[in-house]
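Asker: This is the structure I want to talk about, given as structure tokens.
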There are 2 protein chains.
Amino acid sequence: MMPSSALWDGVRCRRMPTTNQRVLLASRPVGAPTEADFKLVDASVADPGPNEILVENSFLSLDPYMRGRMSAAKSYAKPVEIGEVMIGGTVGRIVAVGRDVSRYAVGDVVVGMGNWQRFAVTPATGWMKVDASRIPMSAYLGPLGMPGVTAWYGLMDIGKPKPGETVVVAAASGAVGSVVGQLAKLKGCRVVGIAGGKDKCAYVVDELGFDACLDHRDPDLAKQFAAAVPDGVDIYFENVGGAILDMVLGRLNPFARIPLCGLVSQYNATSAYAVKNFAALLTNRVTLRGFIVSEHLERWPEALVELGDHVATGRIKYRETVTKGLAAAPAAFIGMLTGANFGKAIVAL
Amino acid sequence: MMPSSALWDGVRCRRMPTTNQRVLLASRPVGAPTEADFKLVDASVADPGPNEILVENSFLSLDPYMRGRMSAAKSYAKPVEIGEVMIGGTVGRIVAVGRDVSRYAVGDVVVGMGNWQRFAVTPATGWMKVDASRIPMSAYLGPLGMPGVTAWYGLMDIGKPKPGETVVVAAASGAVGSVVGQLAKLKGCRVVGIAGGKDKCAYVVDELGFDACLDHRDPDLAKQFAAAVPDGVDIYFENVGGAILDMVLGRLNPFARIPLCGLVSQYNATSAYAVKNFAALLTNRVTLRGFIVSEHLERWPEALVELGDHVATGRIKYRETVTKGLAAAPAAFIGMLTGANFGKAIVAL
């Protein structure tokens with residue numbers, strides 16, 4: 001039902017929602033977050049103003065970086081303030097379009113930062129229209145979203161894999177790691193994953209096609225790792241940090257590359273793990289680069305073409321853990337930080 | 001006096017020396033080396049064979065990397081074996097030239113790896129003929145030698161300084177650090193040095209023209225450092241490691257670069273310093289690259305043109321601590337590792 005133009009001041013829409021649901025940051029966690037750090041509230045839905053769109057979020061992505069935004073500590077992005085809606089990527093449909101918006105139409109499927117809420121009124125810039133006919137909508141939060149492009153950018157532009165090289169991927173069954181490893185296999189590399197638990201390792205080897213996967217909970221990990229990388233490590237795609245980082249640093253080859261993507265083992269740590277094998281970066285003349293994929297938007301089009309083709313044809317597989325409803329998002333997020341999910345953590349809204 | 005061709009089999013020479021002196025590695029140090037880890041011996045001088053030259057070393061360079069070669073631990077180069085002559089860069093004159101050597105003549109001044117000895121019989125490849133008419137011979141071990149080109153390569157190719165950026169240099173009065181800072185000033189950067197003691201700091205600021213220099217022995221160092229880099233750190237040229245590394249990591253700007261050149265504070269350490277602020281490399285999207293300048297020979301010609309011009313015209317100043325005689329080299333080397341020298345440590349042979 002279209003509202004009258006008098007009421008909506010130039011806004012085109014399909015149906016105007018009346019109430020919104022949002023999850024706010026209630027307090028800054030010390031160590032691991034708890035559900036008390038979040039607050040589910042009802043809210044009204046504002047009209048999209050000029051150059052704004054109203055998006056009905058279908059899926060919310062849960063990602064480790066969100067833990068950083070809950071803290072006030074200096075990082076690459078400003079923190080979420082107490083009482084603000086939690087930040088997050090979403091995919092959804094446009095239900096209303098404000099004045100002066102020409103790139104989008106009501107009904108378009110778009111991906112962007114829609115945050116932890118049912119409806120998002122946001123600037124039209126920063127959203128990307130996607131094709132949900134060939135590929136499921138939620139994939140745009142995974143292998144074709146920030147995690148997938150993160151994997152692609154880090155591996156291709158920093159890792160620069162060559163056939164025959166050995167690539168090690170931590171958090172190998174996760175949204176980023178799974179794409180890193182499959183891409184590296186497609187580039188002709190030997191790929192060794194590290195994941196939490198036998199089920200995840202079996203999936204990484206049997207379904208995703210890694211050459212090996214080691215359970216980081218195994219007390220015998222260091223010995224298994226040495227055996228799994230007989231020719232040393234040329235690329236270490238770093239997602240986790242901590243003792244695993246030190247272990248891998250000890251097996252680097254000369255001129256190894258380390259795309260430094262995340263340090264998830266450290267996000268809940270109240271005191272930082274101190275890295276013992278730092279000198280390996282010198283002795284092996286390593287190139288290490290920290291990165292955040294949203295600062296390399298110029299690389300997204302090329303990444304999405306390549307990833308889209310791999311996903312549509314099944315050369316890149318992915319798995320999702322879908323939680324139903326915004327109310328369950330905090331618990332799902334807390335679980336993801338400790339590896340309770342299996343594949344991309346998503347909330348269906 | 002030319003020997004007969006029957007005796008010397010095609011070798012051209014000025015005068016053939018009869019005895020050599022060499023310093024051998026006697027034992028592998030645990031922690032700081034002692035003089036007992038070295039052994040001064042007399043030896044005979046071999047004739048240069050085909051494609052070899054005989055160099056009379058005039059000056060031997062003492063450098064921190066030599067400590068690494070005394071250990072059997074895995075590093076970028078194979079260790080010196082027990083009983084082998086200690087490795088080291090020298091500058092000297094050619095006194096004899098073997099068969100099939102066309103690039104060099106007796107009397108040429110050359111720089112290369114002549115090791116801890118009076119005379120070196122070595123392959124003619126790997127040596128470079130230099131002009132000692134405009135610039136003193138020993139400078140080819142300092143600002144125009146490995147230290148100078150190390151400074152140039154690390155700053156230019158990894159640091160990529162831009163006018164107005166802040167560059168921090170550890171071991172600022174040393175052979176590498178002093179060139180890094182003066183080059184960075186010539187590029188329009190704010191340059192903050194860190195050195196050991198008030199005299200070195202005064203030299204770095206008053207003679208070399210750094211904007212500031214902090215004494216790493218000062219208990220107030222962290223506070224002084226924060227005040228010295230009000231706009232944060234864009235380039236950290238790393239020579240030392242340890243607690244200073246952690247201090248600088250805590251002040252990095254987004255997209256900072258770290259040429260990782262050395263970790264001299266760690267070379268004598270029996271247990272590695274553990275780096276606490278590793279996560280700063282991620283949060284600031286830092287590019288860190290370990291390097292050894294001998295692997296970038298293709299960059300030397302450009303470096304030497306630029307450095308030679310700066311040194312000849314006095315825009316790059318340098319200081320040397322010259323020790324007389326090979327017998328005193330071990331003590332001078334041991335002292336250099338703890339900062340007893342002031343400027344480039346050199347042995348006059």
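Here's how to read the names in the structure tokens: chain A, B, ... by the order shown, residue numbers from 1 in each chain, ligand numbers from 1 in the order shown.
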Run DSSP on the backbone and give me the residues of stretch 115-167 of chain B it puts in strand (DSSP E), as an NGL selection string.

Answerer: :B and (119-123 or 128-129 or 166-167)

Asker: As a PyMOL selection string, please: the residues near stretch 152-164 of chain A (cut-off 8 Å, only C-alpha atoms, same-chain neighbours under 3 positions excluded).

Answerer: chain A and resi 148-149+167+179-180+183-184+187-190+235-237+257-261+289+291+293+299+303

Asker: For the residues in that selection, give me N, CA and C atoms as a PDB file, in the first residue's frame.

Answerer:
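Contents of the output file out24.pdb:
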ATOM      1  N   GLY A 148      34.263 -13.360   2.459  1.00  0.00           N
ATOM      2  CA  GLY A 148      34.826 -13.902   1.228  1.00  0.00           C
ATOM      3  C   GLY A 148      35.814 -12.949   0.585  1.00  0.00           C
ATOM      4  N   VAL A 149      35.467 -11.670   0.551  1.00  0.00           N
ATOM      5  CA  VAL A 149      36.373 -10.699  -0.072  1.00  0.00           C
ATOM      6  C   VAL A 149      37.607 -10.493   0.809  1.00  0.00           C
ATOM      7  N   VAL A 167      50.314 -23.171   2.231  1.00  0.00           N
ATOM      8  CA  VAL A 167      49.497 -22.128   2.848  1.00  0.00           C
ATOM      9  C   VAL A 167      48.872 -22.695   4.114  1.00  0.00           C
ATOM     10  N   VAL A 179      37.201 -19.955   2.744  1.00  0.00           N
ATOM     11  CA  VAL A 179      37.388 -19.406   1.394  1.00  0.00           C
ATOM     12  C   VAL A 179      38.881 -19.276   1.079  1.00  0.00           C
ATOM     13  N   VAL A 180      39.675 -18.864   2.070  1.00  0.00           N
ATOM     14  CA  VAL A 180      41.119 -18.782   1.860  1.00  0.00           C
ATOM     15  C   VAL A 180      41.662 -20.117   1.363  1.00  0.00           C
ATOM     16  N   LEU A 183      40.400 -21.170  -2.153  1.00  0.00           N
ATOM     17  CA  LEU A 183      41.064 -20.355  -3.183  1.00  0.00           C
ATOM     18  C   LEU A 183      42.511 -20.796  -3.377  1.00  0.00           C
ATOM     19  N   ALA A 184      43.198 -21.059  -2.252  1.00  0.00           N
ATOM     20  CA  ALA A 184      44.606 -21.460  -2.342  1.00  0.00           C
ATOM     21  C   ALA A 184      44.733 -22.804  -3.053  1.00  0.00           C
ATOM     22  N   LYS A 187      44.589 -22.286  -6.593  1.00  0.00           N
ATOM     23  CA  LYS A 187      45.840 -21.705  -7.096  1.00  0.00           C
ATOM     24  C   LYS A 187      46.986 -22.718  -7.108  1.00  0.00           C
ATOM     25  N   GLY A 188      46.710 -23.963  -6.719  1.00  0.00           N
ATOM     26  CA  GLY A 188      47.739 -24.993  -6.813  1.00  0.00           C
ATOM     27  C   GLY A 188      48.625 -25.115  -5.586  1.00  0.00           C
ATOM     28  N   CYS A 189      48.176 -24.613  -4.450  1.00  0.00           N
ATOM     29  CA  CYS A 189      48.974 -24.678  -3.223  1.00  0.00           C
ATOM     30  C   CYS A 189      48.642 -25.930  -2.409  1.00  0.00           C
ATOM     31  N   ARG A 190      49.587 -26.308  -1.552  1.00  0.00           N
ATOM     32  CA  ARG A 190      49.294 -27.255  -0.477  1.00  0.00           C
ATOM     33  C   ARG A 190      48.671 -26.443   0.653  1.00  0.00           C
ATOM     34  N   ILE A 235      52.845 -19.107   3.245  1.00  0.00           N
ATOM     35  CA  ILE A 235      51.820 -18.098   3.531  1.00  0.00           C
ATOM     36  C   ILE A 235      51.077 -18.536   4.787  1.00  0.00           C
ATOM     37  N   TYR A 236      50.975 -17.656   5.751  1.00  0.00           N
ATOM     38  CA  TYR A 236      50.149 -17.928   6.924  1.00  0.00           C
ATOM     39  C   TYR A 236      49.050 -16.880   6.967  1.00  0.00           C
ATOM     40  N   PHE A 237      47.838 -17.315   6.691  1.00  0.00           N
ATOM     41  CA  PHE A 237      46.704 -16.404   6.754  1.00  0.00           C
ATOM     42  C   PHE A 237      46.240 -16.382   8.198  1.00  0.00           C
ATOM     43  N   ARG A 257      54.847 -14.826   3.620  1.00  0.00           N
ATOM     44  CA  ARG A 257      53.933 -13.692   3.711  1.00  0.00           C
ATOM     45  C   ARG A 257      52.841 -14.001   4.733  1.00  0.00           C
ATOM     46  N   ILE A 258      52.490 -12.991   5.520  1.00  0.00           N
ATOM     47  CA  ILE A 258      51.451 -13.157   6.540  1.00  0.00           C
ATOM     48  C   ILE A 258      50.384 -12.084   6.354  1.00  0.00           C
ATOM     49  N   PRO A 259      49.280 -12.418   5.682  1.00  0.00           N
ATOM     50  CA  PRO A 259      48.133 -11.513   5.718  1.00  0.00           C
ATOM     51  C   PRO A 259      47.551 -11.567   7.134  1.00  0.00           C
ATOM     52  N   LEU A 260      47.579 -10.437   7.818  1.00  0.00           N
ATOM     53  CA  LEU A 260      47.140 -10.382   9.221  1.00  0.00           C
ATOM     54  C   LEU A 260      45.719  -9.852   9.231  1.00  0.00           C
ATOM     55  N   CYS A 261      44.801 -10.782   9.375  1.00  0.00           N
ATOM     56  CA  CYS A 261      43.385 -10.493   9.159  1.00  0.00           C
ATOM     57  C   CYS A 261      42.632 -10.363  10.471  1.00  0.00           C
ATOM     58  N   ARG A 289      51.314  -8.002   6.764  1.00  0.00           N
ATOM     59  CA  ARG A 289      50.498  -6.796   6.575  1.00  0.00           C
ATOM     60  C   ARG A 289      49.134  -6.966   7.218  1.00  0.00           C
ATOM     61  N   PHE A 291      45.330  -5.786   7.635  1.00  0.00           N
ATOM     62  CA  PHE A 291      44.429  -5.157   6.671  1.00  0.00           C
ATOM     63  C   PHE A 291      42.982  -5.299   7.122  1.00  0.00           C
ATOM     64  N   VAL A 293      39.275  -5.173   4.986  1.00  0.00           N
ATOM     65  CA  VAL A 293      38.911  -5.226   3.578  1.00  0.00           C
ATOM     66  C   VAL A 293      38.084  -4.022   3.142  1.00  0.00           C
ATOM     67  N   ARG A 299      39.101  -3.167  -4.854  1.00  0.00           N
ATOM     68  CA  ARG A 299      39.389  -4.543  -5.230  1.00  0.00           C
ATOM     69  C   ARG A 299      38.139  -5.429  -5.213  1.00  0.00           C
ATOM     70  N   ALA A 303      37.185  -9.164  -7.022  1.00  0.00           N
ATOM     71  CA  ALA A 303      36.981 -10.271  -6.088  1.00  0.00           C
ATOM     72  C   ALA A 303      35.610 -10.914  -6.296  1.00  0.00           C
TER      73      ALA A 303
END

Asker: Once you count only C-alpha atoms, what closest atom pair and distance in Å to one decimal does each residue of chain B within 6 Å of chain A have, with rows by chain and rising residue number, as JSON lines?

Answerer:
{"residue": "B:Ser75", "atom": "CA", "partner": "A:Thr283", "partner_atom": "CA", "distance": 5.0}
{"residue": "B:Tyr76", "atom": "CA", "partner": "A:Thr283", "partner_atom": "CA", "distance": 5.2}
{"residue": "B:Ala274", "atom": "CA", "partner": "A:Lys276", "partner_atom": "CA", "distance": 4.4}
{"residue": "B:Val275", "atom": "CA", "partner": "A:Val275", "partner_atom": "CA", "distance": 4.8}
{"residue": "B:Lys276", "atom": "CA", "partner": "A:Ala274", "partner_atom": "CA", "distance": 4.4}
{"residue": "B:Leu281", "atom": "CA", "partner": "A:Gly290", "partner_atom": "CA", "distance": 5.8}
{"residue": "B:Leu282", "atom": "CA", "partner": "A:Gly290", "partner_atom": "CA", "distance": 4.4}
{"residue": "B:Thr283", "atom": "CA", "partner": "A:Ser75", "partner_atom": "CA", "distance": 5.0}
{"residue": "B:Arg285", "atom": "CA", "partner": "A:Gly290", "partner_atom": "CA", "distance": 4.0}
{"residue": "B:Val286", "atom": "CA", "partner": "A:Gly290", "partner_atom": "CA", "distance": 5.2}
{"residue": "B:Thr287", "atom": "CA", "partner": "A:Arg289", "partner_atom": "CA", "distance": 4.4}
{"residue": "B:Leu288", "atom": "CA", "partner": "A:Leu288", "partner_atom": "CA", "distance": 5.2}
{"residue": "B:Arg289", "atom": "CA", "partner": "A:Thr287", "partner_atom": "CA", "distance": 4.4}
{"residue": "B:Gly290", "atom": "CA", "partner": "A:Arg285", "partner_atom": "CA", "distance": 4.0}
{"residue": "B:Phe291", "atom": "CA", "partner": "A:Arg285", "partner_atom": "CA", "distance": 4.7}

Asker: Let's have the selection written as a CSV table (one decimal), in the first residue's frame, with C-alpha atoms.

Answerer:
chain,number,residue,atom,x,y,z
B,75,SER,CA,68.6,-17.9,10.4
B,76,TYR,CA,68.9,-16.3,7.0
B,274,ALA,CA,57.9,-11.7,24.1
B,275,VAL,CA,56.1,-8.9,22.2
B,276,LYS,CA,53.0,-7.7,23.9
B,281,LEU,CA,50.0,-4.4,13.7
B,282,LEU,CA,46.4,-5.4,12.9
B,283,THR,CA,44.5,-2.5,14.4
B,285,ARG,CA,47.0,-2.1,9.3
B,286,VAL,CA,50.7,-2.0,9.5
B,287,THR,CA,53.1,-3.3,6.8
B,288,LEU,CA,56.1,-4.9,8.4
B,289,ARG,CA,58.9,-6.4,6.3
B,290,GLY,CA,62.1,-8.2,7.4
B,291,PHE,CA,64.9,-7.7,5.0

Asker: So that I can check the surroundings of stretch 90-102 of chain B, please list as number ranges by chain every protein, DNA and RNA residue that reaches within 7 Å of it, counting only C-alpha atoms and ignoring chain neighbours fewer than 3 positions away.

Answerer: B: 10-15, 48-61, 105-115, 137-138, 140-141

Asker: Expressed in Å to a single decimal, how great is the separation between atom CA of A:Ala43 and atom CA of A:Arg22?

Answerer: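 Result for atom CA of A:Ala43 versus atom CA of A:Arg22: 7.1 Å, one decimal.
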
Asker: Using only C-alpha atoms for the distances, tell me which of B:Lys324, B:Asp47, B:Pro29, B:Gly343 is nearest to B:Met66.

Answerer: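 The answer is B:Pro29, which sits nearest to B:Met66.
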
Asker: Extract, using only C-alpha atoms, all DNA, RNA and protein residues at most 12 Å from A:Leu214, discarding same-chain residues fewer than 3 positions from it, and format them as number ranges by chain.

Answerer: A: 168-173, 191-205, 210-211, 217-229, 244

Asker: Filtering to N, CA, C and O atoms, could you give me those residues as a short mmCIF file (atom, residue, chain, number, x, y, z; two decimals), in the first residue's frame?

Answerer:
data_model
loop_
_atom_site.label_atom_id
_atom_site.label_comp_id
_atom_site.auth_asym_id
_atom_site.auth_seq_id
_atom_site.Cartn_x
_atom_site.Cartn_y
_atom_site.Cartn_z
N VAL A 168 49.02 -21.99 5.22
CA VAL A 168 48.40 -22.40 6.48
C VAL A 168 47.29 -21.41 6.81
O VAL A 168 47.49 -20.19 6.70
N VAL A 169 46.13 -21.95 7.17
CA VAL A 169 44.96 -21.13 7.45
C VAL A 169 44.43 -21.49 8.82
O VAL A 169 44.03 -22.64 9.06
N ALA A 170 44.44 -20.52 9.72
CA ALA A 170 43.81 -20.72 11.03
C ALA A 170 42.32 -20.45 10.91
O ALA A 170 41.88 -19.80 9.96
N ALA A 171 41.54 -20.96 11.86
CA ALA A 171 40.08 -20.85 11.81
C ALA A 171 39.59 -21.33 10.45
O ALA A 171 38.79 -20.67 9.78
N ALA A 172 40.06 -22.51 10.07
CA ALA A 172 39.92 -22.97 8.68
C ALA A 172 38.49 -23.27 8.27
O ALA A 172 38.17 -23.24 7.09
N SER A 173 37.63 -23.60 9.23
CA SER A 173 36.25 -23.90 8.84
C SER A 173 35.38 -22.65 8.88
O SER A 173 34.19 -22.72 8.54
N VAL A 191 47.52 -26.90 1.18
CA VAL A 191 46.79 -26.11 2.16
C VAL A 191 46.57 -26.91 3.44
O VAL A 191 46.02 -28.02 3.40
N VAL A 192 47.03 -26.35 4.54
CA VAL A 192 46.87 -26.96 5.86
C VAL A 192 46.01 -26.03 6.71
O VAL A 192 46.37 -24.86 6.92
N GLY A 193 44.88 -26.57 7.19
CA GLY A 193 44.01 -25.79 8.04
C GLY A 193 44.23 -26.12 9.50
O GLY A 193 44.76 -27.17 9.85
N ILE A 194 43.83 -25.19 10.35
CA ILE A 194 43.79 -25.41 11.79
C ILE A 194 42.38 -25.03 12.23
O ILE A 194 41.90 -23.95 11.87
N ALA A 195 41.71 -25.93 12.95
CA ALA A 195 40.33 -25.66 13.35
C ALA A 195 40.09 -26.29 14.72
O ALA A 195 40.95 -27.02 15.23
N GLY A 196 38.94 -26.00 15.29
CA GLY A 196 38.64 -26.47 16.63
C GLY A 196 37.73 -27.68 16.63
O GLY A 196 36.52 -27.54 16.48
N GLY A 197 38.30 -28.86 16.77
CA GLY A 197 37.49 -30.07 16.89
C GLY A 197 37.56 -30.97 15.67
O GLY A 197 37.82 -30.53 14.56
N LYS A 198 37.29 -32.26 15.93
CA LYS A 198 37.41 -33.25 14.86
C LYS A 198 36.38 -33.06 13.76
O LYS A 198 36.67 -33.30 12.58
N ASP A 199 35.15 -32.66 14.13
CA ASP A 199 34.11 -32.48 13.12
C ASP A 199 34.49 -31.39 12.12
O ASP A 199 34.36 -31.56 10.90
N LYS A 200 34.96 -30.28 12.66
CA LYS A 200 35.35 -29.18 11.77
C LYS A 200 36.51 -29.60 10.88
O LYS A 200 36.54 -29.30 9.68
N CYS A 201 37.47 -30.31 11.46
CA CYS A 201 38.62 -30.75 10.66
C CYS A 201 38.20 -31.71 9.55
O CYS A 201 38.69 -31.62 8.42
N ALA A 202 37.29 -32.61 9.89
CA ALA A 202 36.82 -33.55 8.87
C ALA A 202 36.13 -32.80 7.73
O ALA A 202 36.35 -33.09 6.54
N TYR A 203 35.31 -31.82 8.08
CA TYR A 203 34.64 -31.00 7.07
C TYR A 203 35.65 -30.28 6.18
O TYR A 203 35.53 -30.25 4.95
N VAL A 204 36.67 -29.70 6.80
CA VAL A 204 37.67 -28.92 6.07
C VAL A 204 38.40 -29.79 5.05
O VAL A 204 38.66 -29.36 3.92
N VAL A 205 38.71 -31.03 5.44
CA VAL A 205 39.43 -31.92 4.52
C VAL A 205 38.46 -32.57 3.53
O VAL A 205 38.68 -32.54 2.32
N PHE A 210 40.87 -29.31 1.68
CA PHE A 210 42.21 -28.98 2.18
C PHE A 210 43.05 -30.25 2.21
O PHE A 210 42.53 -31.36 2.36
N ASP A 211 44.37 -30.10 2.15
CA ASP A 211 45.25 -31.28 2.21
C ASP A 211 45.31 -31.87 3.61
O ASP A 211 45.51 -33.08 3.77
N ARG A 217 42.90 -28.11 19.56
CA ARG A 217 42.73 -28.56 20.95
C ARG A 217 43.56 -29.80 21.25
O ARG A 217 43.63 -30.24 22.39
N ASP A 218 44.14 -30.38 20.21
CA ASP A 218 44.92 -31.61 20.40
C ASP A 218 46.24 -31.28 21.13
O ASP A 218 46.98 -30.42 20.67
N PRO A 219 46.52 -31.97 22.24
CA PRO A 219 47.78 -31.67 22.95
C PRO A 219 49.02 -31.95 22.11
O PRO A 219 50.09 -31.41 22.37
N ASP A 220 48.85 -32.74 21.08
CA ASP A 220 49.96 -33.12 20.21
C ASP A 220 50.09 -32.18 19.00
O ASP A 220 50.80 -32.50 18.04
N LEU A 221 49.45 -31.02 19.07
CA LEU A 221 49.33 -30.15 17.90
C LEU A 221 50.68 -29.78 17.28
O LEU A 221 50.84 -29.87 16.06
N ALA A 222 51.64 -29.38 18.10
CA ALA A 222 52.91 -28.89 17.56
C ALA A 222 53.59 -29.96 16.72
O ALA A 222 54.12 -29.68 15.64
N LYS A 223 53.57 -31.18 17.21
CA LYS A 223 54.21 -32.28 16.49
C LYS A 223 53.45 -32.58 15.19
O LYS A 223 54.06 -32.79 14.13
N GLN A 224 52.12 -32.59 15.28
CA GLN A 224 51.32 -32.82 14.08
C GLN A 224 51.56 -31.71 13.05
O GLN A 224 51.59 -31.97 11.84
N PHE A 225 51.70 -30.50 13.55
CA PHE A 225 51.90 -29.38 12.63
C PHE A 225 53.22 -29.52 11.89
O PHE A 225 53.28 -29.33 10.66
N ALA A 226 54.27 -29.84 12.63
CA ALA A 226 55.58 -30.02 11.99
C ALA A 226 55.50 -31.07 10.88
O ALA A 226 56.07 -30.91 9.80
N ALA A 227 54.74 -32.14 11.14
CA ALA A 227 54.61 -33.20 10.14
C ALA A 227 53.76 -32.75 8.95
O ALA A 227 53.96 -33.21 7.82
N ALA A 228 52.82 -31.84 9.20
CA ALA A 228 51.88 -31.43 8.14
C ALA A 228 52.50 -30.41 7.19
O ALA A 228 51.98 -30.19 6.10
N VAL A 229 53.60 -29.76 7.62
CA VAL A 229 54.24 -28.75 6.75
C VAL A 229 55.71 -29.13 6.54
O VAL A 229 56.62 -28.39 6.91
N ILE A 244 49.08 -20.32 18.61
CA ILE A 244 49.13 -20.86 17.24
C ILE A 244 50.02 -19.97 16.37
O ILE A 244 50.80 -20.47 15.54
#
